[in-house]
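Visitor: To start, I am sharing the structure in question, which I have written as structure tokens.
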Amino acid sequence: MPLVTPWHRLVNPGREELERVQRRFGLHPLVLADVFEGRQHPSFERIDEAMRLTLWDLDPDGSPAVDVGDIALVFDAHDLLIIQQGPDDRVRDLDAVLSAPGPWPVTSPIAGVYRVLEAVVLDFVAVGADVEHELDEVEAEVFDSRVREDYRRIYRLRQHIGRIDRAVSGLAEALRDARLEIESATADVPALRPYFAHLATDAAGVAELAAAAHSALDAVVSSHQSNVAARQNQDMRTISAFAALLAIPTLIAGVYGMNFKNIPLVRWEFGWLVIGIAMVALDLVIYWMFRRRGWLGARERLRDARPSGSAPAATPRGTARGGTRHRAR
């Protein structure tokens, strides 16, 4: 029996409530089997007359925006069942999304499916642009010899991109699998098909961007590790250089501290002054040699020794990003 509105929404339902809904809509047990079992990878499946599209939602206002739950869209020609799972305080208000004015009114289940997908995909597009901007900043830090990069930011961004990659790549694949079924479901509203095609293109573009950003970040991580190793090596050189500078006067003082009578300059009244000047002169010569070799100061030279394959790895990402921006517009 069709509902007054073309959708019915459940948030974190219990097993008994899901079973009642299953009986009410006459759904095959396999349609809600994944919902019973918990979180599933984004996917599309058709069983009998019912179609189920599962996707991961995100909180665009989070810092950073992360996936916060699942959305299962179960629909046929008459009804749309929306099942959301996630933290109660962060679950997207899909009733407001479906009731809000938009380019296509929600007068049918398939129109409701489009409205939900539009809200989720557009958020992924926005988050993808934010990730791209942050990745550019991280790359600038890592490849700039004047800046010491924040390793916490690098690994936090890597985790964030990984989550987005898994979520949006699964969504793009699910939309590809659902293409023929969506064309069939929009037989009465063919004007809606270009909108679904546009969403699928946007999702594929963000998935491509996330994959390229993940590869580019691998190069950033490799360069960061190289920088860390270079800084540690430089620290060891600096410590060794200072130890050598201290060893020279220590050695001379140790020799002249022995109780031998025939050591040169021991009986001369200005001998201590000559020995002191000799210590300083030797230390200055050694200091100049160490500094010339980069063991003391001149740390910026270490960045020039970075492997040549690190920086160019970001080049393919620029191509992918440009294509994504074009599609998103």
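By order of appearance in the structure tokens: chains A, B, ..., then residues from 1 within every chain, and ligands from 1 in the order shown.
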Mind listing the strand (DSSP E) residues of stretch 36-278 of chain A, per DSSP on the backbone, as a short mmCIF file (atom, residue, chain, number, x, y, z; two decimals) with N, CA, C and O atoms, in the first residue's frame?
Guide:
data_model
loop_
_atom_site.label_atom_id
_atom_site.label_comp_id
_atom_site.auth_asym_id
_atom_site.auth_seq_id
_atom_site.Cartn_x
_atom_site.Cartn_y
_atom_site.Cartn_z
N SER A 43 26.94 -0.66 -2.05
CA SER A 43 26.61 -1.65 -3.09
C SER A 43 25.19 -1.42 -3.58
O SER A 43 24.41 -0.68 -2.97
N PHE A 44 24.87 -2.09 -4.69
CA PHE A 44 23.52 -2.07 -5.23
C PHE A 44 23.08 -3.50 -5.50
O PHE A 44 23.87 -4.33 -5.97
N GLU A 45 21.81 -3.79 -5.19
CA GLU A 45 21.29 -5.14 -5.40
C GLU A 45 19.79 -5.06 -5.66
O GLU A 45 19.09 -4.23 -5.06
N ARG A 46 19.32 -5.93 -6.54
CA ARG A 46 17.88 -6.03 -6.80
C ARG A 46 17.43 -7.44 -6.48
O ARG A 46 18.00 -8.42 -6.97
N ILE A 47 16.39 -7.55 -5.66
CA ILE A 47 15.80 -8.83 -5.30
C ILE A 47 14.29 -8.71 -5.50
O ILE A 47 13.63 -7.88 -4.87
N ALA A 50 12.12 -5.26 -5.43
CA ALA A 50 12.75 -4.26 -4.57
C ALA A 50 14.22 -4.09 -4.94
O ALA A 50 14.92 -5.06 -5.22
N MET A 51 14.67 -2.86 -4.91
CA MET A 51 16.08 -2.53 -5.14
C MET A 51 16.65 -1.91 -3.87
O MET A 51 15.97 -1.12 -3.20
N ARG A 52 17.90 -2.27 -3.57
CA ARG A 52 18.55 -1.73 -2.38
C ARG A 52 19.88 -1.11 -2.77
O ARG A 52 20.74 -1.76 -3.37
N LEU A 53 20.04 0.16 -2.42
CA LEU A 53 21.28 0.89 -2.66
C LEU A 53 21.85 1.30 -1.31
O LEU A 53 21.22 2.05 -0.57
N THR A 54 23.03 0.79 -1.00
CA THR A 54 23.68 1.08 0.28
C THR A 54 24.85 2.03 0.04
O THR A 54 25.64 1.83 -0.89
N LEU A 55 24.95 3.06 0.86
CA LEU A 55 26.04 4.01 0.73
C LEU A 55 26.47 4.51 2.11
O LEU A 55 25.73 4.37 3.08
N TRP A 56 27.69 5.03 2.15
CA TRP A 56 28.20 5.62 3.39
C TRP A 56 27.96 7.11 3.37
O TRP A 56 28.26 7.79 2.39
N ASP A 57 27.43 7.61 4.47
CA ASP A 57 27.19 9.04 4.59
C ASP A 57 28.35 9.68 5.34
O ASP A 57 29.15 9.00 5.99
N LEU A 58 28.46 11.00 5.27
CA LEU A 58 29.51 11.70 5.99
C LEU A 58 28.94 12.95 6.65
O LEU A 58 27.83 13.40 6.33
N ASP A 67 33.08 9.80 7.36
CA ASP A 67 31.86 9.02 7.25
C ASP A 67 31.35 8.72 8.64
O ASP A 67 32.10 8.34 9.54
N VAL A 68 30.06 8.91 8.85
CA VAL A 68 29.48 8.76 10.18
C VAL A 68 28.39 7.70 10.24
O VAL A 68 27.80 7.49 11.29
N GLY A 69 28.10 7.06 9.13
CA GLY A 69 27.05 6.05 9.17
C GLY A 69 26.69 5.54 7.80
O GLY A 69 27.29 5.91 6.79
N ASP A 70 25.67 4.68 7.79
CA ASP A 70 25.19 4.07 6.56
C ASP A 70 23.81 4.59 6.21
O ASP A 70 23.02 4.96 7.08
N ILE A 71 23.53 4.59 4.91
CA ILE A 71 22.19 4.86 4.41
C ILE A 71 21.83 3.72 3.48
O ILE A 71 22.55 3.43 2.52
N ALA A 72 20.71 3.05 3.76
CA ALA A 72 20.20 2.00 2.89
C ALA A 72 18.91 2.50 2.26
O ALA A 72 17.96 2.84 2.97
N LEU A 73 18.88 2.57 0.93
CA LEU A 73 17.70 3.00 0.19
C LEU A 73 17.05 1.76 -0.42
O LEU A 73 17.62 1.14 -1.31
N VAL A 74 15.90 1.40 0.08
CA VAL A 74 15.15 0.26 -0.45
C VAL A 74 13.92 0.83 -1.15
O VAL A 74 13.09 1.49 -0.51
N PHE A 75 13.78 0.57 -2.44
CA PHE A 75 12.71 1.23 -3.18
C PHE A 75 12.20 0.33 -4.30
O PHE A 75 12.88 -0.60 -4.77
N LEU A 80 9.54 4.14 -0.99
CA LEU A 80 10.97 4.34 -0.72
C LEU A 80 11.17 4.19 0.79
O LEU A 80 10.59 4.95 1.58
N LEU A 81 11.96 3.21 1.16
CA LEU A 81 12.30 2.98 2.55
C LEU A 81 13.75 3.41 2.78
O LEU A 81 14.65 2.93 2.10
N ILE A 82 13.94 4.33 3.72
CA ILE A 82 15.28 4.85 4.03
C ILE A 82 15.66 4.39 5.43
O ILE A 82 14.95 4.68 6.40
N ILE A 83 16.79 3.68 5.53
CA ILE A 83 17.27 3.19 6.82
C ILE A 83 18.64 3.81 7.07
O ILE A 83 19.58 3.58 6.30
N GLN A 84 18.74 4.58 8.15
CA GLN A 84 19.99 5.24 8.50
C GLN A 84 20.54 4.65 9.80
O GLN A 84 19.78 4.42 10.75
N GLN A 85 21.84 4.46 9.82
CA GLN A 85 22.52 3.96 11.00
C GLN A 85 23.75 4.81 11.27
O GLN A 85 24.54 5.09 10.36
#
Visitor: Considering only C-alpha atoms, return as number ranges by chain whatever protein or nucleic-acid residues lie within 9 Å of A:Met279, sequence-local ones (same chain, fewer than 5 positions apart) excluded.
Guide: A: 248-249, 252, 274, 284
Visitor: Got a sec: who's within 12 Å of A:Arg267, counting only C-alpha atoms, leaving out chain neighbours fewer than 6 positions off, as a list in words?
Guide: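 The filter keeps Tyr256, Phe260 and Lys261 of chain A.
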Visitor: Only all heavy atoms, please: the residues just picked out, written as a CSV table (one decimal), in the first residue's frame.
Guide:
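So part-v8.csv came out as:
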chain,number,residue,atom,x,y,z
A,256,TYR,N,99.6,17.9,28.3
A,256,TYR,CA,100.4,18.9,29.1
A,256,TYR,C,100.1,18.7,30.6
A,256,TYR,O,100.8,19.3,31.5
A,256,TYR,CB,100.2,20.3,28.7
A,256,TYR,CG,101.0,20.7,27.5
A,256,TYR,CD1,100.6,20.4,26.2
A,256,TYR,CD2,102.3,21.3,27.7
A,256,TYR,CE1,101.4,20.7,25.1
A,256,TYR,CE2,103.1,21.6,26.6
A,256,TYR,CZ,102.7,21.3,25.3
A,256,TYR,OH,103.5,21.6,24.3
A,260,PHE,N,105.6,15.2,33.0
A,260,PHE,CA,106.9,15.0,32.3
A,260,PHE,C,107.6,16.3,32.3
A,260,PHE,O,107.0,17.4,32.2
A,260,PHE,CB,106.7,14.5,30.9
A,260,PHE,CG,106.0,13.1,30.8
A,260,PHE,CD1,104.8,12.9,30.3
A,260,PHE,CD2,106.7,12.0,31.3
A,260,PHE,CE1,104.2,11.7,30.2
A,260,PHE,CE2,106.2,10.8,31.3
A,260,PHE,CZ,104.9,10.6,30.7
A,261,LYS,N,108.9,16.2,32.5
A,261,LYS,CA,109.7,17.5,32.6
A,261,LYS,C,110.2,18.0,31.2
A,261,LYS,O,110.5,19.2,31.1
A,261,LYS,CB,111.0,17.2,33.4
A,261,LYS,CG,110.7,16.8,34.9
A,261,LYS,CD,112.0,16.6,35.6
A,261,LYS,CE,111.7,16.3,37.1
A,261,LYS,NZ,112.9,16.0,37.9
Visitor: Would you list the contacts of A:Arg166 as a list in words, taking every protein, DNA or RNA residue within 9 Å and counting only C-alpha atoms, but skipping same-chain residues closer than 5 positions in sequence?
Guide: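 Residues meeting the cut-off are His41, Pro42, Ile161, Leu171, Ala207 and Ala210 of chain A.
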Visitor: Extract, using only C-alpha atoms, all DNA, RNA and protein residues at most 12 Å from A:Pro29, discarding same-chain residues fewer than 5 positions from it, and format them as a short mmCIF file (atom, residue, chain, number, x, y, z; two decimals) with N, CA and C atoms, in the first residue's frame.
Guide:
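The resulting result_13.cif:
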data_model
loop_
_atom_site.label_atom_id
_atom_site.label_comp_id
_atom_site.auth_asym_id
_atom_site.auth_seq_id
_atom_site.Cartn_x
_atom_site.Cartn_y
_atom_site.Cartn_z
N LEU A 18 12.63 -3.51 12.19
CA LEU A 18 12.96 -3.88 10.82
C LEU A 18 12.10 -5.05 10.33
N GLU A 19 11.84 -5.99 11.21
CA GLU A 19 11.00 -7.13 10.82
C GLU A 19 9.58 -6.67 10.54
N ARG A 20 9.07 -5.73 11.33
CA ARG A 20 7.72 -5.20 11.06
C ARG A 20 7.68 -4.50 9.71
N VAL A 21 8.71 -3.71 9.43
CA VAL A 21 8.76 -3.01 8.14
C VAL A 21 8.88 -4.01 7.00
N GLN A 22 9.64 -5.05 7.21
CA GLN A 22 9.79 -6.07 6.17
C GLN A 22 8.45 -6.72 5.85
N ARG A 23 7.67 -7.03 6.89
CA ARG A 23 6.35 -7.62 6.65
C ARG A 23 5.41 -6.60 6.02
N ASP A 34 21.56 -7.51 5.05
CA ASP A 34 22.77 -6.75 5.34
C ASP A 34 22.54 -5.71 6.43
N VAL A 35 21.33 -5.15 6.47
CA VAL A 35 21.02 -4.17 7.51
C VAL A 35 21.04 -4.85 8.88
N PHE A 36 20.55 -6.08 8.95
CA PHE A 36 20.58 -6.83 10.21
C PHE A 36 22.01 -7.09 10.66
N ILE A 47 16.39 -7.55 -5.66
CA ILE A 47 15.80 -8.83 -5.30
C ILE A 47 14.29 -8.71 -5.50
N ASP A 48 13.75 -9.53 -6.37
CA ASP A 48 12.34 -9.42 -6.78
C ASP A 48 12.10 -8.03 -7.34
N ALA A 50 12.12 -5.26 -5.43
CA ALA A 50 12.75 -4.26 -4.57
C ALA A 50 14.22 -4.09 -4.94
#
Visitor: With only C-alpha atoms as the atoms that count, which of A:Val120, A:Ile154, A:Ala129, A:Ile110 lies nearest to A:Ser222?
Guide: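 Ranking A:Val120, A:Ile154, A:Ala129, A:Ile110 by distance to A:Ser222, first place goes to A:Ile154.
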Visitor: When DSSP is applied to the backbone of this structure, which of stretch 132-271 of chain A are assigned alpha helix (DSSP H)? Write them out as a VMD selection string.
Guide: chain A and resid 132 to 142 151 to 177 179 to 185 193 to 256 271
Visitor: Report as a list in words all protein, DNA and RNA residues lying within 10 Å of A:Gln159, evaluated on only C-alpha atoms, omitting residues in the same chain fewer than 6 positions from it.
Guide: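 In the requested format, the answer is Arg153, Asp165 and His214 of chain A.
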Visitor: Write out, as a PDB file, in the first residue's frame, the residues just selected, with all heavy atoms.
Guide:
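Okay, this is what ended up in again_27.pdb:
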ATOM      1  N   ARG A 153      49.887  16.026  10.928  1.00  0.00           N
ATOM      2  CA  ARG A 153      48.974  16.453   9.871  1.00  0.00           C
ATOM      3  C   ARG A 153      49.055  15.529   8.669  1.00  0.00           C
ATOM      4  O   ARG A 153      48.038  15.211   8.045  1.00  0.00           O
ATOM      5  CB  ARG A 153      49.312  17.888   9.461  1.00  0.00           C
ATOM      6  CG  ARG A 153      48.353  18.459   8.434  1.00  0.00           C
ATOM      7  CD  ARG A 153      48.789  19.856   8.003  1.00  0.00           C
ATOM      8  NE  ARG A 153      47.800  20.469   7.133  1.00  0.00           N
ATOM      9  CZ  ARG A 153      47.993  21.612   6.501  1.00  0.00           C
ATOM     10  NH1 ARG A 153      49.141  22.260   6.646  1.00  0.00           N
ATOM     11  NH2 ARG A 153      47.049  22.108   5.715  1.00  0.00           N
ATOM     12  N   ASP A 165      38.286   7.668   0.096  1.00  0.00           N
ATOM     13  CA  ASP A 165      38.522   6.788  -1.052  1.00  0.00           C
ATOM     14  C   ASP A 165      37.632   5.549  -0.966  1.00  0.00           C
ATOM     15  O   ASP A 165      36.973   5.166  -1.946  1.00  0.00           O
ATOM     16  CB  ASP A 165      39.992   6.393  -1.092  1.00  0.00           C
ATOM     17  CG  ASP A 165      40.360   5.668  -2.384  1.00  0.00           C
ATOM     18  OD1 ASP A 165      39.540   5.640  -3.311  1.00  0.00           O
ATOM     19  OD2 ASP A 165      41.482   5.128  -2.453  1.00  0.00           O
ATOM     20  N   HIS A 214      45.579   9.768  -2.891  1.00  0.00           N
ATOM     21  CA  HIS A 214      46.183   8.733  -2.053  1.00  0.00           C
ATOM     22  C   HIS A 214      47.581   8.380  -2.570  1.00  0.00           C
ATOM     23  O   HIS A 214      48.533   8.232  -1.789  1.00  0.00           O
ATOM     24  CB  HIS A 214      45.290   7.498  -2.046  1.00  0.00           C
ATOM     25  CG  HIS A 214      45.474   6.615  -0.860  1.00  0.00           C
ATOM     26  ND1 HIS A 214      46.532   5.750  -0.733  1.00  0.00           N
ATOM     27  CD2 HIS A 214      44.748   6.481   0.284  1.00  0.00           C
ATOM     28  CE1 HIS A 214      46.447   5.107   0.411  1.00  0.00           C
ATOM     29  NE2 HIS A 214      45.376   5.542   1.055  1.00  0.00           N
TER      30      HIS A 214
END
